[in-house]
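Trainee: Contents are compact mmCIF, C-alpha atoms; file name run05.txt:
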```
# COMPACT_ATOMS: atom_id res chain seq x y z
CA MET A 1 28.76 -44.52 26.03
CA SER A 2 26.31 -44.09 28.89
CA ARG A 3 24.58 -40.78 29.50
CA SER A 4 26.38 -40.22 32.82
CA SER A 5 29.81 -40.80 31.30
CA LEU A 6 28.91 -38.42 28.47
CA LEU A 7 28.02 -35.72 30.96
CA THR A 8 31.23 -36.35 32.86
CA LYS A 9 33.19 -35.98 29.66
CA GLN A 10 31.45 -32.69 28.90
CA VAL A 11 32.19 -31.27 32.34
CA GLU A 12 35.76 -32.44 32.11
CA SER A 13 36.25 -30.71 28.79
CA ASP A 14 35.05 -27.50 30.42
CA TRP A 15 32.02 -26.93 28.18
CA LYS A 16 29.93 -24.02 29.25
CA VAL A 17 26.27 -24.28 30.18
CA SER A 18 24.48 -22.32 27.49
CA GLY A 19 20.92 -21.82 26.32
CA LEU A 20 21.31 -25.17 24.64
CA GLY A 21 22.03 -26.94 27.93
CA LEU A 22 25.11 -28.85 28.90
CA ILE A 23 25.61 -30.36 25.48
CA ALA A 24 27.58 -28.02 23.25
CA PRO A 25 27.13 -28.19 19.52
CA PRO A 26 30.02 -29.61 17.51
CA PRO A 27 32.83 -27.22 16.62
CA ILE A 28 31.33 -25.83 13.42
CA THR A 29 33.26 -22.69 12.56
CA ILE A 30 31.67 -19.68 10.86
CA GLU A 31 33.64 -17.14 8.88
CA SER A 32 31.73 -14.12 7.60
CA PRO A 33 32.51 -10.41 7.31
CA HIS A 34 30.52 -9.65 10.47
CA PHE A 35 31.12 -12.72 12.60
CA SER A 36 33.91 -15.24 13.06
CA GLY A 37 33.67 -18.04 15.55
CA SER A 38 31.87 -21.22 16.43
CA LEU A 39 28.19 -22.04 16.06
CA ALA A 40 27.83 -22.08 19.85
CA THR A 41 29.31 -18.60 20.13
CA LEU A 42 27.06 -17.30 17.35
CA PHE A 43 24.08 -18.75 19.18
CA GLU A 44 25.09 -16.96 22.36
CA VAL A 45 25.85 -13.56 20.80
CA VAL A 46 22.58 -13.62 18.82
CA GLN A 47 20.69 -14.45 22.01
CA ALA A 48 22.42 -11.51 23.67
CA HIS A 49 21.66 -9.23 20.67
CA LYS A 50 25.36 -8.59 20.15
CA VAL A 51 25.37 -9.33 16.43
CA ASP A 52 22.94 -8.49 13.64
CA LEU A 53 21.94 -11.85 12.24
CA ARG A 54 20.95 -10.24 8.93
CA ASP A 55 24.68 -9.81 8.22
CA VAL A 56 25.48 -13.48 8.81
CA PRO A 57 24.67 -15.88 5.95
CA LEU A 58 23.16 -19.07 7.36
CA LEU A 59 23.47 -21.24 4.27
CA PRO A 60 27.23 -21.96 4.77
CA ILE A 61 26.51 -22.86 8.40
CA CYS A 62 23.82 -25.32 7.37
CA GLU A 63 26.22 -26.77 4.78
CA ALA A 64 28.93 -27.09 7.44
CA TYR A 65 26.45 -28.92 9.65
CA PHE A 66 25.60 -31.41 6.90
CA ARG A 67 29.33 -31.84 6.21
CA TYR A 68 29.87 -32.57 9.88
CA LEU A 69 27.12 -35.20 9.78
CA ALA A 70 28.55 -36.78 6.65
CA GLU A 71 32.25 -36.66 7.47
CA GLN A 72 32.46 -37.39 11.18
CA PRO A 73 33.22 -41.07 11.74
CA GLU A 74 31.14 -41.10 14.91
CA VAL A 75 28.41 -38.54 15.25
CA THR A 76 27.09 -38.01 18.76
CA VAL A 77 23.34 -37.73 18.60
CA ASP A 78 23.27 -35.22 21.46
CA GLU A 79 25.84 -32.97 19.79
CA ALA A 80 24.06 -33.16 16.47
CA ALA A 81 20.76 -32.35 18.21
CA ALA A 82 22.36 -29.37 19.95
CA ALA A 83 23.64 -28.09 16.60
CA LEU A 84 20.20 -28.59 15.06
CA CYS A 85 18.58 -26.67 17.93
CA ALA A 86 21.06 -23.82 17.48
CA LEU A 87 20.45 -23.75 13.72
CA CYS A 88 16.67 -23.79 14.12
CA PHE A 89 16.90 -20.92 16.58
CA LEU A 90 19.07 -18.89 14.21
CA LEU A 91 16.87 -19.64 11.19
CA GLU A 92 13.73 -18.63 13.04
CA ARG A 93 15.29 -15.43 14.34
CA LYS A 94 16.56 -14.52 10.90
CA ALA A 95 13.18 -15.30 9.30
CA TRP A 96 11.52 -12.87 11.71
CA LEU A 97 14.14 -10.25 10.93
CA LEU A 98 13.52 -10.62 7.21
CA LEU A 99 9.75 -10.24 7.39
CA PRO A 100 8.65 -7.14 5.47
CA SER A 101 8.43 -4.06 7.64
CA PRO A 102 6.75 -0.75 6.75
CA GLU A 103 8.82 0.94 4.09
CA PRO A 104 10.65 3.91 5.62
CA GLU A 105 10.12 7.15 3.80
CA PRO A 106 13.23 7.77 1.71
CA GLU A 107 15.16 10.98 1.92
CA GLU A 108 13.85 13.45 -0.64
CA LEU A 109 16.83 14.08 -2.91
CA LEU A 110 17.10 17.26 -4.94
CA ALA A 111 15.24 17.21 -8.23
CA PHE A 112 16.96 17.78 -11.56
CA GLU A 113 14.90 20.87 -12.29
CA PHE A 114 13.64 23.35 -9.72
CA ASP A 115 11.74 26.60 -9.97
CA PRO A 116 12.04 28.19 -6.50
CA THR A 117 9.20 30.66 -7.13
CA ALA A 118 6.56 28.02 -7.82
CA LEU A 119 6.16 26.56 -4.34
CA GLY A 120 5.87 30.05 -2.85
CA GLU A 121 2.80 30.65 -5.01
CA LEU A 122 1.20 27.64 -3.33
CA GLU A 123 1.88 28.55 0.30
CA VAL A 124 -1.64 29.93 0.82
CA ALA A 125 -3.16 26.79 -0.65
CA ILE A 126 -0.97 24.50 1.47
CA ALA A 127 -1.92 26.40 4.63
CA ALA A 128 -5.61 26.25 3.64
CA LEU A 129 -5.43 22.51 2.99
CA GLU A 130 -3.86 21.97 6.41
CA ILE A 131 -6.63 23.93 8.15
CA TRP A 132 -9.42 22.27 6.15
CA HIS A 133 -8.05 18.83 6.86
CA GLU A 134 -7.99 19.63 10.57
CA GLU A 135 -11.55 21.03 10.47
CA ARG A 136 -12.78 18.08 8.46
CA SER A 137 -11.48 15.71 11.14
CA ASN A 138 -14.18 17.13 13.44
CA LEU A 139 -16.93 15.88 11.12
CA HIS A 140 -17.99 12.27 11.02
CA PHE A 141 -19.86 10.66 8.15
CA ARG A 142 -21.60 7.36 7.81
CA SER A 143 -18.75 4.90 7.26
CA VAL A 144 -18.43 3.36 3.87
CA GLN A 145 -19.62 -0.19 4.27
CA VAL A 146 -16.91 -2.79 4.01
CA GLU A 147 -17.28 -4.40 0.64
CA GLN A 148 -18.59 -7.90 0.74
CA GLU A 149 -16.34 -10.61 -0.60
CA VAL A 150 -15.64 -9.51 -4.16
CA GLU A 151 -17.06 -11.88 -6.65
CA LEU A 152 -14.18 -12.81 -8.89
CA ASP A 153 -14.94 -13.58 -12.48
CA PHE A 154 -12.56 -16.35 -13.43
CA GLY A 155 -14.63 -17.18 -16.51
CA GLY A 156 -15.10 -20.81 -15.50
CA VAL A 157 -11.41 -21.28 -14.74
CA SER A 158 -10.97 -23.07 -11.43
CA ILE A 159 -8.48 -22.24 -8.70
CA SER A 160 -6.74 -25.55 -9.48
CA ASP A 161 -6.32 -24.51 -13.13
CA LEU A 162 -4.75 -21.24 -12.00
CA ALA A 163 -2.53 -23.05 -9.52
CA ARG A 164 -1.34 -25.35 -12.31
CA ALA A 165 -0.38 -22.35 -14.46
CA PHE A 166 1.45 -20.88 -11.48
CA GLU A 167 3.29 -24.16 -10.85
CA GLU A 168 4.32 -24.28 -14.51
CA LEU A 169 5.76 -20.78 -14.18
CA LEU A 170 7.54 -21.66 -10.92
CA ALA A 171 9.12 -24.68 -12.58
CA LYS A 172 10.81 -22.39 -15.10
CA ALA A 173 12.07 -19.97 -12.44
CA GLU A 174 15.75 -19.57 -11.62
CA PRO A 175 17.02 -20.22 -8.06
CA GLU A 176 16.70 -17.28 -5.73
CA PRO A 177 19.92 -15.34 -5.14
CA MET A 178 20.71 -15.07 -1.41
CA GLU A 179 21.02 -11.28 -1.31
CA SER A 180 17.52 -10.69 -2.69
CA LEU A 181 15.93 -11.97 0.53
CA ALA A 182 16.53 -8.80 2.45
CA ALA A 183 16.34 -6.35 -0.40
CA ASP A 184 13.04 -7.13 -2.11
CA ARG A 185 10.67 -4.20 -1.70
CA ARG A 186 7.91 -3.60 -4.20
CA SER A 187 4.16 -3.35 -4.38
CA ILE A 188 1.47 -5.10 -6.38
CA HIS A 189 0.81 -1.66 -7.87
CA ASP A 190 4.36 -1.61 -9.33
CA GLN A 191 4.06 -5.17 -10.55
CA ILE A 192 0.74 -4.45 -12.29
CA ARG A 193 2.54 -1.84 -14.35
CA THR A 194 5.06 -4.48 -15.46
CA VAL A 195 2.33 -6.98 -16.26
CA ARG A 196 0.36 -4.39 -18.23
CA GLU A 197 3.35 -3.87 -20.49
CA ALA A 198 3.38 -7.56 -21.37
CA LEU A 199 -0.35 -8.29 -21.42
CA THR A 200 -2.41 -7.35 -24.49
CA ARG A 201 -5.97 -7.99 -25.63
CA ALA A 202 -4.69 -11.15 -27.31
CA TRP A 203 -4.91 -14.26 -25.12
CA ALA A 204 -1.58 -15.53 -23.75
CA THR A 205 -0.48 -18.19 -21.29
CA LEU A 206 1.29 -17.18 -18.08
CA PRO A 207 4.70 -18.65 -18.99
CA SER A 208 4.60 -16.93 -22.39
CA LEU A 209 4.03 -13.55 -20.72
CA VAL A 210 7.11 -13.70 -18.49
CA GLN A 211 10.02 -13.18 -20.84
CA GLY A 212 13.69 -13.91 -20.09
CA GLN A 213 15.10 -15.29 -16.86
CA PHE A 214 13.14 -14.79 -13.66
CA THR A 215 13.28 -15.98 -10.05
CA ARG A 216 10.64 -17.77 -8.02
CA THR A 217 9.88 -14.52 -6.19
CA GLU A 218 9.27 -12.78 -9.51
CA ALA A 219 6.97 -15.63 -10.54
CA VAL A 220 4.95 -15.06 -7.36
CA TRP A 221 4.73 -11.34 -8.08
CA TRP A 222 3.53 -11.99 -11.63
CA PHE A 223 0.84 -14.36 -10.45
CA LEU A 224 -0.37 -12.06 -7.65
CA ALA A 225 -0.49 -9.08 -10.01
CA LEU A 226 -2.55 -11.05 -12.53
CA LEU A 227 -5.02 -12.10 -9.82
CA GLU A 228 -5.33 -8.50 -8.67
CA MET A 229 -5.89 -7.34 -12.26
CA ILE A 230 -8.67 -9.91 -12.65
CA ARG A 231 -10.18 -8.71 -9.37
CA GLN A 232 -10.05 -5.13 -10.60
CA ARG A 233 -11.53 -6.26 -13.93
CA ILE A 234 -8.49 -5.02 -15.84
CA ALA A 235 -7.64 -8.53 -17.03
CA LYS A 236 -9.61 -11.69 -17.79
CA VAL A 237 -8.83 -15.39 -17.87
CA ARG A 238 -10.12 -18.35 -19.87
CA LEU A 239 -9.29 -22.02 -20.15
CA VAL A 240 -8.08 -23.49 -23.45
CA GLU A 241 -7.28 -27.21 -23.50
CA GLY A 242 -6.80 -27.20 -19.76
CA GLU A 243 -4.43 -24.24 -19.77
CA PRO A 244 -5.42 -20.80 -18.44
CA GLN A 245 -4.88 -17.88 -20.80
CA PHE A 246 -4.88 -14.23 -19.83
CA ALA A 247 -5.74 -11.01 -21.69
CA LEU A 248 -6.49 -7.36 -21.02
CA ILE A 249 -10.17 -6.43 -20.93
CA MET B 250 -55.43 7.33 2.38
CA ASN B 251 -51.64 7.63 2.62
CA GLU B 252 -50.15 10.89 3.82
CA PRO B 253 -48.12 12.65 1.11
CA ILE B 254 -44.39 12.41 1.85
CA SER B 255 -42.73 15.70 2.68
CA PRO B 256 -39.79 16.30 0.29
CA VAL B 257 -37.67 17.43 3.25
CA ASP B 258 -38.35 14.22 5.17
CA ALA B 259 -37.75 12.20 2.03
CA LEU B 260 -34.39 13.89 1.50
CA GLU B 261 -33.43 13.25 5.10
CA ALA B 262 -34.27 9.58 4.69
CA LEU B 263 -32.28 9.26 1.45
CA LEU B 264 -29.26 11.05 2.88
CA PHE B 265 -29.43 9.05 6.10
CA VAL B 266 -28.88 5.79 4.21
CA SER B 267 -26.19 7.20 1.86
CA ASP B 268 -22.58 6.43 2.65
CA SER B 269 -21.18 8.79 0.02
CA PRO B 270 -22.02 12.28 -1.27
CA GLN B 271 -25.17 12.21 -3.41
CA PRO B 272 -25.30 14.55 -6.42
CA LEU B 273 -28.30 16.87 -6.72
CA ALA B 274 -29.44 15.16 -9.92
CA SER B 275 -29.45 11.75 -8.27
CA LEU B 276 -31.53 13.00 -5.31
CA ALA B 277 -33.97 14.78 -7.64
CA ARG B 278 -34.37 11.62 -9.73
CA ALA B 279 -35.00 9.47 -6.64
CA MET B 280 -37.76 11.82 -5.44
CA ASP B 281 -39.17 12.55 -8.88
CA LEU B 282 -38.65 16.29 -8.40
CA THR B 283 -36.87 18.92 -10.46
CA GLU B 284 -33.37 19.91 -9.39
CA GLY B 285 -34.73 23.33 -8.38
CA GLN B 286 -37.36 21.78 -6.11
CA THR B 287 -34.77 19.45 -4.63
CA GLU B 288 -32.42 22.35 -3.96
CA GLN B 289 -35.21 24.19 -2.11
CA ALA B 290 -35.95 21.10 -0.04
CA LEU B 291 -32.24 20.76 0.75
CA GLU B 292 -32.17 24.34 2.02
CA LEU B 293 -35.12 23.64 4.29
CA LEU B 294 -33.52 20.45 5.53
CA GLU B 295 -30.29 22.33 6.24
CA GLU B 296 -32.16 24.96 8.26
CA ARG B 297 -34.05 22.31 10.20
CA MET B 298 -30.87 20.41 11.01
CA ASN B 299 -28.99 23.53 12.05
CA GLU B 300 -31.76 24.37 14.53
CA ARG B 301 -31.73 21.05 16.35
CA GLY B 302 -30.28 17.59 16.45
CA SER B 303 -26.79 16.24 16.13
CA LEU B 304 -26.55 16.08 12.35
CA THR B 305 -25.72 18.66 9.72
CA LEU B 306 -26.07 18.72 5.95
CA MET B 307 -22.76 19.01 4.14
CA LYS B 308 -22.23 19.96 0.51
CA ILE B 309 -19.09 17.99 -0.16
CA ALA B 310 -17.22 16.36 -3.06
CA GLY B 311 -19.85 17.31 -5.62
CA GLY B 312 -22.84 16.11 -3.61
CA TYR B 313 -24.76 16.19 -0.35
CA GLN B 314 -24.14 14.06 2.70
CA LEU B 315 -25.12 14.04 6.35
CA ALA B 316 -22.42 14.45 8.96
CA THR B 317 -22.33 14.87 12.71
CA LYS B 318 -21.96 18.41 14.01
CA PRO B 319 -18.41 19.36 15.11
CA PHE B 320 -19.77 19.77 18.68
CA PHE B 321 -19.97 15.95 18.93
CA SER B 322 -16.50 15.39 17.50
CA ASP B 323 -14.73 14.43 20.74
CA LEU B 324 -17.57 12.19 21.87
CA ILE B 325 -17.55 10.29 18.57
CA ALA B 326 -13.76 10.13 18.45
CA ASN B 327 -13.75 8.52 21.89
CA PHE B 328 -16.44 6.10 20.82
CA LEU B 329 -15.16 5.07 17.37
CA ARG B 330 -11.47 5.84 17.79
CA PRO B 331 -11.05 6.62 14.09
CA GLN B 332 -7.54 6.38 12.69
CA ARG B 333 -7.18 9.78 11.11
CA GLN B 334 -3.65 10.87 10.46
CA LYS B 335 -2.46 14.43 10.24
CA LEU B 336 -1.03 15.00 6.77
CA ARG B 337 2.65 15.86 6.70
CA ARG B 338 3.94 18.94 4.95
CA ASN B 339 5.40 17.00 1.98
CA LEU B 340 2.04 15.30 1.32
CA LEU B 341 0.23 18.65 1.45
CA GLU B 342 2.75 20.19 -0.96
CA VAL B 343 2.21 17.48 -3.54
CA LEU B 344 -1.56 17.61 -3.13
CA ALA B 345 -1.51 21.38 -3.65
CA VAL B 346 0.62 21.09 -6.81
CA VAL B 347 -1.61 18.40 -8.29
CA ALA B 348 -4.83 20.19 -7.28
CA TYR B 349 -3.87 23.34 -9.17
CA ARG B 350 -1.89 21.93 -12.06
CA GLN B 351 -3.60 18.59 -12.82
CA PRO B 352 -3.02 16.44 -14.72
CA VAL B 353 0.68 16.43 -13.84
CA THR B 354 3.60 14.04 -13.98
CA VAL B 355 5.92 13.32 -11.06
CA GLY B 356 8.52 15.37 -12.97
CA ASP B 357 6.21 18.42 -13.00
CA ILE B 358 5.68 18.05 -9.24
CA GLU B 359 9.42 17.76 -8.62
CA LYS B 360 10.07 20.90 -10.64
CA VAL B 361 7.81 22.85 -8.28
CA ARG B 362 8.99 21.23 -5.03
CA GLY B 363 12.67 20.93 -5.93
CA VAL B 364 12.94 17.45 -4.43
CA GLN B 365 12.19 13.94 -5.61
CA SER B 366 8.52 13.21 -5.07
CA ASP B 367 7.80 9.73 -6.42
CA HIS B 368 7.47 8.17 -2.95
CA VAL B 369 5.07 10.89 -1.78
CA VAL B 370 2.96 10.49 -4.93
CA ARG B 371 2.79 6.74 -4.39
CA THR B 372 1.71 7.26 -0.77
CA LEU B 373 -1.06 9.63 -1.88
CA VAL B 374 -2.23 7.15 -4.54
CA GLU B 375 -2.35 4.41 -1.89
CA ARG B 376 -4.40 6.73 0.32
CA ARG B 377 -6.76 7.32 -2.64
CA LEU B 378 -6.13 11.08 -2.62
CA LEU B 379 -4.46 10.96 -6.04
CA ARG B 380 -5.10 8.72 -9.03
CA GLU B 381 -3.34 7.88 -12.26
CA CYS B 382 -5.36 9.49 -15.03
CA GLY B 383 -3.37 8.62 -18.15
CA ARG B 384 0.06 9.05 -19.63
CA LYS B 385 1.69 12.19 -20.93
CA LYS B 386 2.33 12.35 -24.65
CA ALA B 387 6.06 12.85 -24.12
CA PRO B 388 9.22 10.74 -24.24
CA GLY B 389 8.90 7.90 -21.74
CA ARG B 390 5.10 8.36 -21.57
CA PRO B 391 5.16 9.22 -17.85
CA PHE B 392 2.00 8.70 -15.78
CA LEU B 393 -0.24 11.69 -15.18
CA TYR B 394 -1.84 12.23 -11.79
CA ALA B 395 -5.03 14.00 -10.71
CA THR B 396 -6.89 14.48 -7.43
CA THR B 397 -9.80 12.20 -6.51
CA GLN B 398 -13.30 12.60 -5.06
CA GLU B 399 -11.79 11.24 -1.87
CA PHE B 400 -9.43 14.25 -1.86
CA LEU B 401 -12.43 16.63 -1.95
CA HIS B 402 -14.14 14.60 0.77
CA GLN B 403 -11.08 14.44 3.04
CA PHE B 404 -10.69 18.22 2.87
CA GLY B 405 -14.39 19.06 3.06
CA LEU B 406 -14.40 20.70 -0.37
CA LYS B 407 -17.43 20.94 -2.67
CA SER B 408 -15.19 21.08 -5.72
CA LEU B 409 -11.73 22.20 -6.80
CA ASP B 410 -13.20 25.70 -7.25
CA ASP B 411 -13.13 26.00 -3.44
CA LEU B 412 -9.32 26.14 -3.49
CA PRO B 413 -7.85 29.60 -2.82
CA PRO B 414 -7.45 31.43 -6.15
CA ILE B 415 -3.99 31.85 -7.65
CA ASP B 416 -3.55 34.43 -10.37
CA ARG B 417 -2.56 32.29 -13.32
CA GLU B 418 -1.82 35.35 -15.46
CA SER B 419 0.76 36.78 -13.09
CA SER B 420 2.22 33.40 -12.15
CA GLN B 421 5.89 33.30 -13.11
CA GLY B 422 6.77 29.95 -11.70
CA ALA B 423 6.64 26.38 -12.87
CA LEU B 424 3.10 26.08 -11.56
CA PHE B 425 1.39 27.59 -14.57
CA GLY B 426 4.45 28.46 -16.61
CA HIS B 427 3.81 25.86 -19.33
CA GLU B 428 1.04 24.38 -21.37
CA PRO B 429 -1.27 21.77 -19.82
CA ALA B 430 -0.10 18.20 -20.34
CA GLU B 431 -1.22 16.50 -23.53
CA VAL B 432 -2.73 13.18 -22.50
CA ASP B 433 -1.85 10.10 -24.49
```
Could I get this file's structure written as structure tokens?
Mentor:
Amino acid sequence: MSRSSLLTKQVESDWKVSGLGLIAPPPITIESPHFSGSLATLFEVVQAHKVDLRDVPLLPICEAYFRYLAEQPEVTVDEAAAALCALCFLLERKAWLLLPSPEPEPEELLAFEFDPTALGELEVAIAALEIWHEERSNLHFRSVQVEQEVELDFGGVSISDLARAFEELLAKAEPEPMESLAADRRSIHDQIRTVREALTRAWATLPSLVQGQFTRTEAVWWFLALLEMIRQRIAKVRLVEGEPQFALI
Amino acid sequence: MNEPISPVDALEALLFVSDSPQPLASLARAMDLTEGQTEQALELLEERMNERGSLTLMKIAGGYQLATKPFFSDLIANFLRPQRQKLRRNLLEVLAVVAYRQPVTVGDIEKVRGVQSDHVVRTLVERRLLRECGRKKAPGRPFLYATTQEFLHQFGLKSLDDLPPIDRESSQGALFGHEPAEVD
């Protein structure tokens, strides 16, 4: 089919001109709790900010696209390209939406125990702290010099050795559940606490430290926390028969 | 023949290059003087700086440090544009509880404030105003928190003794109503 006849066919079938051009993506249908319709429609409503893409799982759409490629007797390259463009756009937009944002301060729920007289005793102190903090902001001191690149003591263990240990851990990790993408919020500080519970003064390999099932994200957290602990000189690392071992200092 | 170095000038030089409060003992050691002699020189330096110049001598966070006089505050703020945030009420409440009752657990803080405080404590630890200082010898071994040198510095305090006094004897509340935490 020539390009001109293809365009004629598109116009005849009353396809709309969208952000993807004259070529509409194939009729891939999406059914989710927050959006039902075709891929082309999803593309348009996301462009117009009429739907929150975080509520629309993209994996089934990608699967539907691959099914379309595999099952259609004659796949039009232009249609397939239009679908790919739409999918890339949606994936990129969703990736941006899922990037970590500053953690909002949670609502302070009531505590289990409360002594209403105690805070009253501190009112003078709280007021004084507020004033002193304000006054202190009028004074300027010599800035603390930015620390030079911290010299990390990896005890002769190379970055490649560490990367190998990390890869070994990743290989044992379970697939990531879809819902964890948006929900994961934690700090290295929290993870260090977890690692400290597992790490002792006895040397241990990374995979032996992480007990039970864990995801790839958790593997990354474990590795980052260990690196931070080495940087803070809480933990140390050595190489035994090509395998890094970790221990508390 | 070399001129003898004036202790006041020497102190000024040492404090000029210091980026953190210097304890009296450390200054005395550097100048090979007694702490008494160093204290006298510090008084003279303070007088000299108060009379002229743009700097002042501050006794802060357990040591001595040079700072710019408040008169130059706006000028410096325009020049450096420092990112200093006003502390919110909830942060001040937690700081006050910890300052008077340290070492304390998050549970102790919540008992005084009446609301969950773990997020606020974490924020203050990240801002280096609080630090973990051990675990309480109690079920669950909760972390104990204390104030830091940075806390004293941020509030322009010499030490925790500068905080307004609270009568511990007459205190009826949760603030001083129980024994200090036993550290594990």
Trainee: Sorted by chain and rising residue number, list the residues of chain A at most 7 Å from chain B (counting only C-alpha atoms), each with its closest atom pair and distance in Å to one decimal, as JSON lines.
Mentor:
```
{"residue": "A:Glu108", "atom": "CA", "partner": "B:Gln365", "partner_atom": "CA", "distance": 5.3}
{"residue": "A:Leu109", "atom": "CA", "partner": "B:Val364", "partner_atom": "CA", "distance": 5.4}
{"residue": "A:Leu110", "atom": "CA", "partner": "B:Val364", "partner_atom": "CA", "distance": 4.2}
{"residue": "A:Ala111", "atom": "CA", "partner": "B:Val364", "partner_atom": "CA", "distance": 4.4}
{"residue": "A:Glu113", "atom": "CA", "partner": "B:Lys360", "partner_atom": "CA", "distance": 5.1}
{"residue": "A:Phe114", "atom": "CA", "partner": "B:Lys360", "partner_atom": "CA", "distance": 4.4}
{"residue": "A:Asp115", "atom": "CA", "partner": "B:Val361", "partner_atom": "CA", "distance": 5.7}
{"residue": "A:Thr117", "atom": "CA", "partner": "B:Gly422", "partner_atom": "CA", "distance": 5.2}
{"residue": "A:Ala118", "atom": "CA", "partner": "B:Gly422", "partner_atom": "CA", "distance": 4.3}
{"residue": "A:Leu119", "atom": "CA", "partner": "B:Val361", "partner_atom": "CA", "distance": 5.7}
{"residue": "A:Leu122", "atom": "CA", "partner": "B:Ala345", "partner_atom": "CA", "distance": 6.8}
{"residue": "A:Ala125", "atom": "CA", "partner": "B:Pro413", "partner_atom": "CA", "distance": 5.9}
{"residue": "A:Ile126", "atom": "CA", "partner": "B:Leu341", "partner_atom": "CA", "distance": 6.0}
{"residue": "A:Leu129", "atom": "CA", "partner": "B:Phe404", "partner_atom": "CA", "distance": 6.8}
{"residue": "A:Trp132", "atom": "CA", "partner": "B:Phe404", "partner_atom": "CA", "distance": 5.4}
{"residue": "A:His133", "atom": "CA", "partner": "B:Phe404", "partner_atom": "CA", "distance": 4.8}
{"residue": "A:Arg136", "atom": "CA", "partner": "B:Gly405", "partner_atom": "CA", "distance": 5.7}
{"residue": "A:Asn138", "atom": "CA", "partner": "B:Ser322", "partner_atom": "CA", "distance": 5.0}
{"residue": "A:Leu139", "atom": "CA", "partner": "B:Pro319", "partner_atom": "CA", "distance": 5.5}
{"residue": "A:His140", "atom": "CA", "partner": "B:Thr317", "partner_atom": "CA", "distance": 5.3}
{"residue": "A:Phe141", "atom": "CA", "partner": "B:Ala316", "partner_atom": "CA", "distance": 4.6}
{"residue": "A:Arg142", "atom": "CA", "partner": "B:Asp268", "partner_atom": "CA", "distance": 5.3}
{"residue": "A:Ser143", "atom": "CA", "partner": "B:Asp268", "partner_atom": "CA", "distance": 6.2}
{"residue": "A:Val144", "atom": "CA", "partner": "B:Asp268", "partner_atom": "CA", "distance": 5.3}
```
Trainee: To one decimal place, how far is atom CA of A:Thr194 from atom CA of A:Gly156 in Å?
Mentor: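 Taking atom CA of A:Thr194 as the start and atom CA of A:Gly156 as the end point, the length is 25.9 Å.
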Trainee: As an exercise, work out the distance from atom CA of A:Ser32 to atom CA of A:Val56 in Å and give it to one decimal place.
Mentor: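 Between atom CA of A:Ser32 and atom CA of A:Val56 the gap is 6.4 Å.
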Trainee: So how far away is atom CA of B:Ala387 from atom CA of B:Gln351, in Å?
Mentor: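 Atom-to-atom, atom CA of B:Gln351 and atom CA of B:Ala387 are spaced 15.9 Å apart.
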Trainee: Set the distance at 8 Å and use only C-alpha atoms: which residues neighbour A:His189 once local chain neighbours fewer than 3 positions away are removed? I'd like the list as a list in words.
Mentor: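 Surrounding residues, per the criterion: Ile192, Arg193 and Ala225 of chain A.
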Trainee: Taking (-4.7, -22.5, -21.4) as a centre in this file's frame and 12 Å as the limit, can you find every polymer residue with an atom that close, using all atoms listed in the file, and give them as a ChimeraX atom specification?
Mentor: /A:157-158,161-162,164-166,168,203-208,237-247
Trainee: List the residues sitting within 7 Å of (-8.6, -10.4, -23.6) in the file's frame, using only C-alpha atoms, as a count of residues only.
Mentor: 10
Trainee: Excluding B:Ile254 and its own-chain neighbours fewer than 4 positions away, which residues fall within 10 Å of it when counting all atoms listed in the file? Please give them as a VMD selection string.
Mentor: chain B and resid 258 to 259 280
Trainee: Go ahead and dump the residues you just picked, C-alpha atoms, as an mmCIF file, in the frame of the given file.
Mentor:
```cif
data_model
loop_
_atom_site.group_PDB
_atom_site.id
_atom_site.type_symbol
_atom_site.label_atom_id
_atom_site.label_comp_id
_atom_site.auth_asym_id
_atom_site.auth_seq_id
_atom_site.Cartn_x
_atom_site.Cartn_y
_atom_site.Cartn_z
ATOM 1 C CA ASP B 258 -38.350 14.220 5.170
ATOM 2 C CA ALA B 259 -37.750 12.200 2.030
ATOM 3 C CA MET B 280 -37.760 11.820 -5.440
#
```
Trainee: Pick out the residues sitting within 12 Å of A:Arg67, and hand them over as an MDAnalysis selection string; count only C-alpha atoms, and ignore anything fewer than 4 positions along from it in its own chain.
Mentor: chainID A and resid 26:29 60:63 71:73 75 80
Trainee: Rank nothing, just name the residue among A:Lys94, A:His34, A:Lys172, A:Arg196 nearest to A:Arg54, using only C-alpha atoms.
Mentor: A:Lys94
Trainee: Smallest atom-to-atom distance to B:Leu282: which of B:Met298, B:Val257, B:Leu306, B:Cys382, using only C-alpha atoms?
Mentor: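 Checking each of B:Met298, B:Val257, B:Leu306, B:Cys382 against B:Leu282, counting only C-alpha atoms, the winner is B:Val257.
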Trainee: Please provide as a PDB file with C-alpha atoms, in the frame of the given file all residues within 9 Å of B:Glu288, with the sequence filter that same-chain residues fewer than 5 positions apart are discarded (counting only C-alpha atoms).
Mentor:
```pdb
ATOM      1  CA  LEU B 273     -28.300  16.870  -6.720  1.00  0.00           C
ATOM      2  CA  ALA B 277     -33.970  14.780  -7.640  1.00  0.00           C
ATOM      3  CA  THR B 283     -36.870  18.920 -10.460  1.00  0.00           C
ATOM      4  CA  LEU B 293     -35.120  23.640   4.290  1.00  0.00           C
TER       5      LEU B 293
END
```
